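Chemist: PDB, C-alpha atoms, file start-v3.pdb:
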```pdb
ATOM      1  CA  MET D   1       0.000   0.000   0.000
ATOM      2  CA  ALA D   2       2.862   2.368   0.791
ATOM      3  CA  VAL D   3       4.391   1.769  -2.641
ATOM      4  CA  HIS D   4       0.994   2.307  -4.299
ATOM      5  CA  TYR D   5       0.665   5.748  -2.713
ATOM      6  CA  GLY D   6       4.333   6.699  -3.118
ATOM      7  CA  THR D   7       5.134   6.896   0.555
ATOM      8  CA  ALA D   8       7.031   4.935   3.213
ATOM      9  CA  VAL D   9       6.158   3.369   6.553
ATOM     10  CA  ILE D  10       8.832   3.794   9.233
ATOM     11  CA  PRO D  11       7.794   2.088  12.485
ATOM     12  CA  ALA D  12       8.838   3.519  15.838
ATOM     13  CA  ARG D  13      11.719   1.601  17.413
ATOM     14  CA  PRO D  14      10.963  -0.448  20.531
ATOM     15  CA  TYR D  15      11.978   1.121  23.832
ATOM     16  CA  LYS D  16      12.538   4.502  22.114
ATOM     17  CA  PRO D  17       9.687   6.703  23.390
ATOM     18  CA  ARG D  18      11.036   9.807  21.641
ATOM     19  CA  ASP D  19      10.335   8.177  18.261
ATOM     20  CA  LYS D  20       6.607   8.754  18.713
ATOM     21  CA  ALA D  21       6.662  11.946  20.758
ATOM     22  CA  LYS D  22       5.186  14.039  17.916
ATOM     23  CA  VAL D  23       2.247  11.638  17.586
ATOM     24  CA  GLU D  24       1.514  11.746  21.312
ATOM     25  CA  VAL D  25       1.629  15.539  21.308
ATOM     26  CA  GLY D  26      -0.799  15.603  18.389
ATOM     27  CA  VAL D  27      -3.268  13.512  20.390
ATOM     28  CA  GLN D  28      -2.873  15.873  23.334
ATOM     29  CA  VAL D  29      -3.547  18.916  21.138
ATOM     30  CA  VAL D  30      -6.760  17.370  19.788
ATOM     31  CA  GLN D  31      -7.940  16.489  23.295
ATOM     32  CA  ARG D  32      -7.295  20.002  24.641
ATOM     33  CA  TRP D  33      -8.414  22.221  21.755
ATOM     34  CA  ILE D  34     -11.227  20.173  20.206
ATOM     35  CA  LEU D  35     -12.646  17.431  22.429
ATOM     36  CA  ALA D  36     -12.492  19.471  25.623
ATOM     37  CA  ARG D  37     -14.341  22.381  23.992
ATOM     38  CA  LEU D  38     -17.118  20.092  22.754
ATOM     39  CA  ARG D  39     -17.581  17.997  25.896
ATOM     40  CA  ASN D  40     -20.599  19.990  27.205
ATOM     41  CA  ARG D  41     -22.378  20.383  23.863
ATOM     42  CA  ARG D  42     -25.159  18.103  22.638
ATOM     43  CA  PHE D  43     -25.488  17.138  18.981
ATOM     44  CA  PHE D  44     -28.487  15.604  17.230
ATOM     45  CA  SER D  45     -26.853  14.413  14.016
ATOM     46  CA  LEU D  46     -23.479  13.275  12.756
ATOM     47  CA  GLY D  47     -23.434  16.128  10.245
ATOM     48  CA  GLU D  48     -23.913  18.680  13.023
ATOM     49  CA  LEU D  49     -21.045  17.154  15.033
ATOM     50  CA  ASN D  50     -18.730  17.093  11.997
ATOM     51  CA  GLN D  51     -19.450  20.742  11.267
ATOM     52  CA  ALA D  52     -18.524  21.743  14.821
ATOM     53  CA  ILE D  53     -15.293  19.709  14.658
ATOM     54  CA  ARG D  54     -14.435  21.232  11.268
ATOM     55  CA  GLU D  55     -14.745  24.767  12.639
ATOM     56  CA  LEU D  56     -12.475  24.007  15.608
ATOM     57  CA  VAL D  57      -9.882  22.268  13.399
ATOM     58  CA  THR D  58      -9.751  25.322  11.119
ATOM     59  CA  GLU D  59      -9.295  27.574  14.119
ATOM     60  CA  LEU D  60      -6.571  25.310  15.527
ATOM     61  CA  ASN D  61      -4.615  25.242  12.253
ATOM     62  CA  ASP D  62      -4.762  29.043  11.952
ATOM     63  CA  ARG D  63      -3.618  29.618  15.533
ATOM     64  CA  PRO D  64       0.036  30.826  15.746
ATOM     65  CA  MET D  65       2.343  28.395  17.579
ATOM     66  CA  ARG D  66       4.453  30.058  20.260
ATOM     67  CA  VAL D  67       7.656  28.096  19.570
ATOM     68  CA  TRP D  68       7.514  28.392  15.780
ATOM     69  CA  GLY D  69       6.101  31.879  15.521
ATOM     70  CA  THR D  70       3.718  30.807  12.750
ATOM     71  CA  SER D  71       0.626  28.647  12.263
ATOM     72  CA  ARG D  72       0.316  25.016  11.285
ATOM     73  CA  ARG D  73      -1.442  25.996   8.081
ATOM     74  CA  ALA D  74       1.406  28.304   7.049
ATOM     75  CA  LEU D  75       3.980  25.549   7.635
ATOM     76  CA  PHE D  76       1.859  23.118   5.653
ATOM     77  CA  GLU D  77       1.629  25.475   2.684
ATOM     78  CA  GLN D  78       5.360  26.199   2.844
ATOM     79  CA  ILE D  79       6.807  22.705   3.427
ATOM     80  CA  ASP D  80       4.281  19.907   2.952
ATOM     81  CA  ARG D  81       2.102  20.974   0.039
ATOM     82  CA  PRO D  82       4.980  21.349  -2.487
ATOM     83  CA  ALA D  83       6.119  17.787  -1.687
ATOM     84  CA  LEU D  84       2.698  16.190  -2.120
ATOM     85  CA  LEU D  85       2.125  13.792  -5.032
ATOM     86  CA  PRO D  86      -1.140  13.333  -6.934
ATOM     87  CA  LEU D  87      -3.235  10.358  -5.886
ATOM     88  CA  PRO D  88      -3.012   7.264  -8.108
ATOM     89  CA  PRO D  89      -5.804   6.941 -10.697
ATOM     90  CA  LEU D  90      -7.157   3.884  -8.867
ATOM     91  CA  PRO D  91      -7.479   3.368  -5.103
ATOM     92  CA  TYR D  92      -5.393   0.705  -3.409
ATOM     93  CA  GLU D  93      -7.096  -2.692  -3.401
ATOM     94  CA  TYR D  94      -6.274  -5.167  -0.672
ATOM     95  CA  ALA D  95      -5.485  -8.674  -1.881
ATOM     96  CA  ALA D  96      -4.949 -11.959  -0.051
ATOM     97  CA  TRP D  97      -2.763 -14.717  -1.508
ATOM     98  CA  LYS D  98      -3.297 -18.456  -1.315
ATOM     99  CA  ARG D  99      -1.329 -21.434  -2.649
ATOM    100  CA  CYS D 100      -3.589 -24.000  -4.336
ATOM    101  CA  ARG D 101      -3.238 -27.379  -5.968
ATOM    102  CA  VAL D 102      -5.166 -27.799  -9.237
ATOM    103  CA  ASN D 103      -7.698 -30.628  -8.908
ATOM    104  CA  LEU D 104      -8.399 -33.335 -11.463
ATOM    105  CA  ASP D 105     -11.370 -31.309 -12.736
ATOM    106  CA  TYR D 106      -8.957 -28.383 -13.540
ATOM    107  CA  HIS D 107     -10.481 -26.197 -10.810
ATOM    108  CA  VAL D 108      -9.015 -24.740  -7.625
ATOM    109  CA  GLU D 109     -11.000 -24.256  -4.437
ATOM    110  CA  ILE D 110     -11.062 -20.777  -2.877
ATOM    111  CA  GLU D 111     -13.404 -20.180   0.053
ATOM    112  CA  LYS D 112     -15.659 -23.092  -0.955
ATOM    113  CA  HIS D 113     -16.032 -21.932  -4.586
ATOM    114  CA  PHE D 114     -14.310 -23.591  -7.553
ATOM    115  CA  TYR D 115     -12.494 -21.565 -10.239
ATOM    116  CA  SER D 116     -11.171 -23.058 -13.467
ATOM    117  CA  VAL D 117      -7.606 -22.907 -14.789
ATOM    118  CA  PRO D 118      -6.229 -24.249 -18.100
ATOM    119  CA  PHE D 119      -6.575 -28.046 -17.970
ATOM    120  CA  ARG D 120      -2.869 -28.545 -18.797
ATOM    121  CA  LEU D 121      -2.109 -27.442 -15.203
ATOM    122  CA  LEU D 122      -3.653 -30.519 -13.577
ATOM    123  CA  ARG D 123      -2.010 -31.259 -10.198
ATOM    124  CA  GLU D 124       0.237 -28.184 -10.548
ATOM    125  CA  GLU D 125       0.680 -25.737  -7.683
ATOM    126  CA  VAL D 126      -0.623 -22.230  -8.396
ATOM    127  CA  GLU D 127      -1.020 -18.985  -6.459
ATOM    128  CA  ALA D 128      -4.341 -17.175  -6.224
ATOM    129  CA  ARG D 129      -4.621 -13.418  -5.694
ATOM    130  CA  ILE D 130      -7.978 -12.790  -4.023
ATOM    131  CA  THR D 131      -9.622  -9.367  -3.836
ATOM    132  CA  ALA D 132     -13.151  -8.290  -2.972
ATOM    133  CA  LYS D 133     -14.205  -8.507  -6.639
ATOM    134  CA  THR D 134     -11.739 -10.705  -8.529
ATOM    135  CA  VAL D 135      -9.711 -13.914  -8.308
ATOM    136  CA  GLU D 136      -6.477 -14.035 -10.318
ATOM    137  CA  ILE D 137      -4.502 -17.256 -10.586
ATOM    138  CA  PHE D 138      -0.759 -17.347 -11.319
ATOM    139  CA  HIS D 139       1.498 -20.221 -12.300
ATOM    140  CA  ARG D 140       5.205 -19.582 -11.804
ATOM    141  CA  GLY D 141       4.558 -15.836 -11.742
ATOM    142  CA  LYS D 142       2.478 -15.813 -14.935
ATOM    143  CA  LEU D 143      -1.219 -14.950 -14.928
ATOM    144  CA  VAL D 144      -3.135 -17.987 -16.251
ATOM    145  CA  ALA D 145      -6.734 -17.229 -15.202
ATOM    146  CA  ALA D 146      -8.861 -14.327 -14.008
ATOM    147  CA  HIS D 147     -12.400 -14.628 -12.657
ATOM    148  CA  GLN D 148     -15.011 -12.423 -11.106
ATOM    149  CA  ARG D 149     -15.227 -13.467  -7.482
ATOM    150  CA  SER D 150     -18.267 -15.506  -6.477
ATOM    151  CA  LEU D 151     -19.607 -16.202  -2.991
ATOM    152  CA  ARG D 152     -21.767 -19.171  -4.039
ATOM    153  CA  ALA D 153     -20.532 -22.136  -2.031
ATOM    154  CA  HIS D 154     -19.740 -25.457  -3.722
ATOM    155  CA  ARG D 155     -20.412 -24.124  -7.236
ATOM    156  CA  PRO D 156     -17.956 -23.833 -10.160
ATOM    157  CA  THR D 157     -16.941 -20.845 -12.272
ATOM    158  CA  THR D 158     -15.618 -22.291 -15.523
ATOM    159  CA  VAL D 159     -14.122 -20.620 -18.594
ATOM    160  CA  ALA D 160     -14.750 -22.604 -21.778
ATOM    161  CA  ASP D 161     -11.184 -22.104 -23.028
ATOM    162  CA  HIS D 162      -9.882 -23.827 -19.896
ATOM    163  CA  MET D 163     -11.745 -27.046 -20.701
ATOM    164  CA  PRO D 164     -10.261 -29.924 -22.687
ATOM    165  CA  SER D 165     -11.943 -30.377 -26.049
ATOM    166  CA  SER D 166     -13.753 -33.497 -24.821
ATOM    167  CA  HIS D 167     -15.520 -31.432 -22.110
ATOM    168  CA  ARG D 168     -16.464 -28.318 -24.082
ATOM    169  CA  ARG D 169     -19.498 -29.931 -25.647
ATOM    170  CA  TYR D 170     -21.024 -30.225 -22.161
ATOM    171  CA  ARG D 171     -20.503 -26.626 -21.021
ATOM    172  CA  ASP D 172     -24.169 -25.686 -21.608
ATOM    173  CA  TRP D 173     -25.359 -28.478 -19.322
ATOM    174  CA  THR D 174     -25.924 -27.949 -15.606
ATOM    175  CA  HIS D 175     -26.708 -30.265 -12.724
ATOM    176  CA  GLU D 176     -30.274 -28.929 -12.558
ATOM    177  CA  ARG D 177     -30.867 -29.297 -16.316
ATOM    178  CA  ILE D 178     -29.705 -32.923 -16.321
ATOM    179  CA  LEU D 179     -31.998 -33.839 -13.425
ATOM    180  CA  ARG D 180     -34.912 -31.974 -15.011
ATOM    181  CA  GLU D 181     -34.609 -33.732 -18.373
ATOM    182  CA  ALA D 182     -34.121 -37.110 -16.690
ATOM    183  CA  ALA D 183     -37.300 -36.618 -14.645
ATOM    184  CA  ALA D 184     -39.195 -35.834 -17.866
ATOM    185  CA  ILE D 185     -38.287 -39.304 -19.176
ATOM    186  CA  GLY D 186     -39.241 -41.218 -16.037
ATOM    187  CA  ASP D 187     -38.624 -41.831 -12.352
ATOM    188  CA  ASP D 188     -36.090 -44.607 -12.900
ATOM    189  CA  THR D 189     -34.097 -42.481 -15.332
ATOM    190  CA  ALA D 190     -34.031 -39.650 -12.785
ATOM    191  CA  ALA D 191     -32.923 -42.080 -10.051
ATOM    192  CA  LEU D 192     -30.095 -43.527 -12.149
ATOM    193  CA  VAL D 193     -28.836 -40.095 -13.210
ATOM    194  CA  GLU D 194     -28.832 -38.848  -9.622
ATOM    195  CA  ILE D 195     -26.875 -41.926  -8.480
ATOM    196  CA  ILE D 196     -24.283 -41.352 -11.215
ATOM    197  CA  LEU D 197     -23.837 -37.696 -10.224
ATOM    198  CA  ARG D 198     -23.550 -38.565  -6.536
ATOM    199  CA  SER D 199     -21.032 -41.331  -7.131
ATOM    200  CA  ARG D 200     -18.435 -38.984  -8.660
ATOM    201  CA  PRO D 201     -16.036 -36.916  -6.518
ATOM    202  CA  HIS D 202     -17.179 -33.884  -8.515
ATOM    203  CA  PRO D 203     -20.694 -33.956 -10.116
ATOM    204  CA  GLU D 204     -19.391 -32.549 -13.417
ATOM    205  CA  GLN D 205     -17.324 -35.707 -13.863
ATOM    206  CA  GLY D 206     -20.561 -37.649 -14.328
ATOM    207  CA  PHE D 207     -22.024 -35.313 -16.936
ATOM    208  CA  ARG D 208     -20.763 -37.370 -19.865
ATOM    209  CA  SER D 209     -22.505 -40.574 -18.782
ATOM    210  CA  CYS D 210     -25.715 -38.765 -17.838
ATOM    211  CA  ILE D 211     -25.955 -36.796 -21.064
ATOM    212  CA  GLY D 212     -25.310 -39.968 -23.051
ATOM    213  CA  ILE D 213     -28.217 -41.665 -21.281
ATOM    214  CA  LEU D 214     -30.512 -38.699 -21.947
ATOM    215  CA  ARG D 215     -29.607 -38.675 -25.638
ATOM    216  CA  LEU D 216     -30.721 -42.277 -25.935
ATOM    217  CA  ALA D 217     -34.236 -40.815 -25.892
ATOM    218  CA  GLN D 218     -33.590 -39.656 -29.444
ATOM    219  CA  ARG D 219     -33.296 -43.295 -30.590
ATOM    220  CA  TYR D 220     -35.655 -45.104 -28.227
ATOM    221  CA  GLU D 221     -39.061 -44.452 -26.739
ATOM    222  CA  ALA D 222     -39.151 -42.871 -23.303
ATOM    223  CA  GLU D 223     -40.917 -45.915 -21.810
ATOM    224  CA  ARG D 224     -38.199 -48.272 -23.056
ATOM    225  CA  LEU D 225     -35.414 -45.976 -21.833
ATOM    226  CA  ASP D 226     -36.987 -45.657 -18.385
ATOM    227  CA  ALA D 227     -37.406 -49.449 -18.198
ATOM    228  CA  ALA D 228     -33.763 -49.929 -19.198
ATOM    229  CA  CYS D 229     -32.707 -47.558 -16.409
ATOM    230  CA  ALA D 230     -34.847 -49.545 -13.970
ATOM    231  CA  ARG D 231     -33.088 -52.743 -15.021
ATOM    232  CA  ALA D 232     -29.688 -51.039 -14.687
ATOM    233  CA  LEU D 233     -30.647 -49.991 -11.154
ATOM    234  CA  ALA D 234     -31.612 -53.535 -10.297
ATOM    235  CA  LEU D 235     -28.330 -54.859 -11.682
ATOM    236  CA  GLY D 236     -26.316 -52.191  -9.863
ATOM    237  CA  THR D 237     -24.753 -50.752 -13.028
ATOM    238  CA  ARG D 238     -24.097 -47.005 -13.290
ATOM    239  CA  SER D 239     -22.942 -46.241 -16.802
ATOM    240  CA  TYR D 240     -24.197 -45.155 -20.198
ATOM    241  CA  SER D 241     -22.802 -48.263 -21.865
ATOM    242  CA  SER D 242     -24.838 -50.608 -19.661
ATOM    243  CA  VAL D 243     -28.106 -48.780 -20.429
ATOM    244  CA  ALA D 244     -27.279 -48.685 -24.148
ATOM    245  CA  THR D 245     -26.521 -52.440 -24.127
ATOM    246  CA  ILE D 246     -29.813 -53.231 -22.381
ATOM    247  CA  LEU D 247     -31.733 -51.270 -25.016
ATOM    248  CA  LYS D 248     -29.773 -52.736 -27.919
ATOM    249  CA  ASN D 249     -30.449 -56.301 -26.786
ATOM    250  CA  ARG D 250     -34.054 -55.518 -25.805
ATOM    251  CA  GLN D 251     -33.456 -56.698 -22.259
ATOM    252  CA  GLU D 252     -35.314 -53.877 -20.518
ATOM    253  CA  ALA D 253     -38.461 -55.993 -20.150
ATOM    254  CA  LYS D 254     -36.687 -59.080 -18.787
ATOM    255  CA  ALA D 255     -36.375 -59.698 -15.081
ATOM    256  CA  PRO D 256     -32.767 -59.894 -13.892
ATOM    257  CA  GLU D 257     -31.383 -63.349 -13.362
ATOM    258  CA  GLN D 258     -31.522 -64.642  -9.808
ATOM    259  CA  GLN D 259     -33.914 -61.879  -8.823
ATOM    260  CA  SER D 260     -34.479 -63.581  -5.469
ATOM    261  CA  SER D 261     -30.879 -62.965  -4.475
ATOM    262  CA  LEU D 262     -31.485 -59.217  -4.724
ATOM    263  CA  LEU D 263     -34.294 -59.266  -2.149
ATOM    264  CA  HIS D 264     -32.738 -58.176   1.110
ATOM    265  CA  GLU D 265     -33.674 -55.607   3.731
ATOM    266  CA  ASN D 266     -30.412 -53.714   3.126
ATOM    267  CA  ILE D 267     -30.957 -53.396  -0.655
ATOM    268  CA  ARG D 268     -33.186 -50.435  -1.482
ATOM    269  CA  GLY D 269     -34.090 -51.313  -5.064
ATOM    270  CA  SER D 270     -35.551 -49.031  -7.723
ATOM    271  CA  GLY D 271     -38.761 -48.456  -5.793
ATOM    272  CA  TYR D 272     -36.859 -46.481  -3.154
ATOM    273  CA  TYR D 273     -36.246 -43.627  -5.591
ATOM    274  CA  GLN D 274     -39.871 -43.195  -6.693
TER
END
```
Now, as a test, write the supplied structure out as structure tokens.

Modeler:
Amino acid sequence: MAVHYGTAVIPARPYKPRDKAKVEVGVQVVQRWILARLRNRRFFSLGELNQAIRELVTELNDRPMRVWGTSRRALFEQIDRPALLPLPPLPYEYAAWKRCRVNLDYHVEIEKHFYSVPFRLLREEVEARITAKTVEIFHRGKLVAAHQRSLRAHRPTTVADHMPSSHRRYRDWTHERILREAAAIGDDTAALVEIILRSRPHPEQGFRSCIGILRLAQRYEAERLDAACARALALGTRSYSSVATILKNRQEAKAPEQQSSLLHENIRGSGYYQ
């Protein structure tokens, strides 16, 4: 901050009370010539109080000092004002830094939100510069990603250019959209899709399988697809390929082999999700 405003911070030395004598005297002057003169007055608004303080500060700065033979304002105009620099065009912005490890889904976690980085940086260590409005991510001193900061917990902010080509086709899909379209096909389809999303460390990693299952509705009737998902649930399979195989071989209407072995109080079955 000192560099931003073109100044320097010189702390007082420990056990050297004379280093801060001028500051202590300044506090004493304010107490005597401003606070003491206002102690018996009553104010009914902050603006009224500020106006009274402003008048006393002006009077204090114009008062001649006995030792110096001149006023504080005159010394300011003579010594301080010529040395002042213009303020920077932008105010100083506080930033916190955090070291992060890029996850397998090419996102880094910052305060429970996930921000994307170029997928080539998987498992690499990066540094995040966090301000009130932005998140900037650096790799070996080079800026690799910049995002608007989000306070939505457990949600991703993903830039399409950061995604590998195999993932970009799914960028318009969301968790809510997948569940909504699955429910439109049938209860068993919705149950299977939800299980797939829950079984992945990160829900987006299950998008490919779920979207593949939903697109089977373009080739098969909704009733057949929902029945195939019900059979997949009964068999304990959780993949697009298993549902596609069931439909291809027309096995959605057949009862699973050894159905009796699946009847157990600890096995929920497809009816649990209805």

Chemist: Can you pull out every residue within 12 Å of Arg177 of chain D, counting all atoms listed in the file, but drop anything in the same chain fewer than 6 positions away, and send it as an mmCIF file with C-alpha atoms, in the coordinates of the input?

Modeler:
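Wrote it out as result.cif, contents follow:
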```cif
data_model
loop_
_atom_site.group_PDB
_atom_site.id
_atom_site.type_symbol
_atom_site.label_atom_id
_atom_site.label_comp_id
_atom_site.auth_asym_id
_atom_site.auth_seq_id
_atom_site.Cartn_x
_atom_site.Cartn_y
_atom_site.Cartn_z
ATOM 1 C CA TYR D 170 -21.024 -30.225 -22.161
ATOM 2 C CA ARG D 171 -20.503 -26.626 -21.021
ATOM 3 C CA ALA D 183 -37.300 -36.618 -14.645
ATOM 4 C CA ALA D 184 -39.195 -35.834 -17.866
ATOM 5 C CA ALA D 190 -34.031 -39.650 -12.785
ATOM 6 C CA VAL D 193 -28.836 -40.095 -13.210
ATOM 7 C CA GLU D 194 -28.832 -38.848 -9.622
ATOM 8 C CA PHE D 207 -22.024 -35.313 -16.936
ATOM 9 C CA CYS D 210 -25.715 -38.765 -17.838
ATOM 10 C CA ILE D 211 -25.955 -36.796 -21.064
ATOM 11 C CA LEU D 214 -30.512 -38.699 -21.947
#
```

Chemist: Using Å and a single decimal, report how far atom CA of Pro11 of chain D sits from atom CA of Ile79 of chain D.

Modeler: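 Separation between atom CA of Ile79 of chain D and atom CA of Pro11 of chain D: 22.5 Å.
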
Chemist: Go ahead and compute the interatomic distance for atom CA of Ala96 of chain D and atom CA of Ile130 of chain D, in Å to one decimal.

Modeler: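 Straight-line distance from atom CA of Ala96 of chain D to atom CA of Ile130 of chain D works out to 5.1 Å.
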
Chemist: Between D:Val23, D:Ala153, D:Leu90, D:Leu247, single out the one closest to Phe114 of chain D, counting only C-alpha atoms.

Modeler: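 Ranking D:Val23, D:Ala153, D:Leu90, D:Leu247 by distance to Phe114 of chain D, first place goes to D:Ala153.
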
Chemist: Counting all atoms listed in the file, which residue out of D:Ala191, D:Leu197, D:Ala182, D:Met163 sits closest to Ala230 of chain D?

Modeler: D:Ala191

Chemist: Quick check, in Å to one decimal: how far apart do atom CA of Ile246 of chain D and atom CA of Thr174 of chain D lie?

Modeler: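 One can read the atom CA of Ile246 of chain D to atom CA of Thr174 of chain D distance as 26.5 Å.
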
Chemist: Please provide as an MDAnalysis selection string all residues within 8 Å of Ala228 of chain D, with the sequence filter that same-chain residues fewer than 3 positions apart are discarded (counting all atoms listed in the file).

Modeler: chainID D and resid 224:225 231:232 243 246:247 251:253

Chemist: Here is a test: counting all atoms listed in the file, which residue of D:Val9, D:Leu84, D:Leu121, D:Ala234 is nearest to Cys100 of chain D?

Modeler: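 Of D:Val9, D:Leu84, D:Leu121, D:Ala234, the one nearest Cys100 of chain D is D:Leu121, counting all atoms listed in the file.
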
Chemist: Could you list, as JSON, numbers by chain, every residue matched by the PyMOL selection byres ((chain D and resi 59-64) around 12) in this structure?

Modeler: {"D": [26, 29, 30, 31, 32, 33, 34, 37, 52, 53, 54, 55, 56, 57, 58, 65, 66, 67, 68, 69, 70, 71, 72, 73, 74, 75, 76, 77]}

Chemist: Which residue, D:Ala12, D:Ile110, D:Leu233, D:Ile213, has the smallest gap to Glu181 of chain D when you use all atoms listed in the file?

Modeler: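 Under the stated criterion, the closest residue is D:Ile213.
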
Chemist: Residue by residue, what does the PyMOL selection byres ((chain D and resi 239) around 10) grab here? Present the result as a list of chain:residue names.

Modeler: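 So the PyMOL selection byres ((chain D and resi 239) around 10), applied here, picks out D:Leu192, D:Val193, D:Ile196, D:Gly206, D:Arg208, D:Ser209, D:Cys210, D:Gly212, D:Ile213, D:Cys229, D:Ala232, D:Gly236, D:Thr237, D:Arg238, D:Tyr240, D:Ser241, D:Ser242, D:Val243, D:Ala244.
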
Chemist: For the residues in that selection, give me C-alpha atoms as a tab-separated table (two decimals), keeping the file's coordinate frame.

Modeler:
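Contents of out.tsv, freshly written:
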```tsv
chain	number	residue	atom	x	y	z
D	192	LEU	CA	-30.10	-43.53	-12.15
D	193	VAL	CA	-28.84	-40.10	-13.21
D	196	ILE	CA	-24.28	-41.35	-11.22
D	206	GLY	CA	-20.56	-37.65	-14.33
D	208	ARG	CA	-20.76	-37.37	-19.86
D	209	SER	CA	-22.50	-40.57	-18.78
D	210	CYS	CA	-25.72	-38.76	-17.84
D	212	GLY	CA	-25.31	-39.97	-23.05
D	213	ILE	CA	-28.22	-41.66	-21.28
D	229	CYS	CA	-32.71	-47.56	-16.41
D	232	ALA	CA	-29.69	-51.04	-14.69
D	236	GLY	CA	-26.32	-52.19	-9.86
D	237	THR	CA	-24.75	-50.75	-13.03
D	238	ARG	CA	-24.10	-47.00	-13.29
D	240	TYR	CA	-24.20	-45.16	-20.20
D	241	SER	CA	-22.80	-48.26	-21.86
D	242	SER	CA	-24.84	-50.61	-19.66
D	243	VAL	CA	-28.11	-48.78	-20.43
D	244	ALA	CA	-27.28	-48.68	-24.15
```
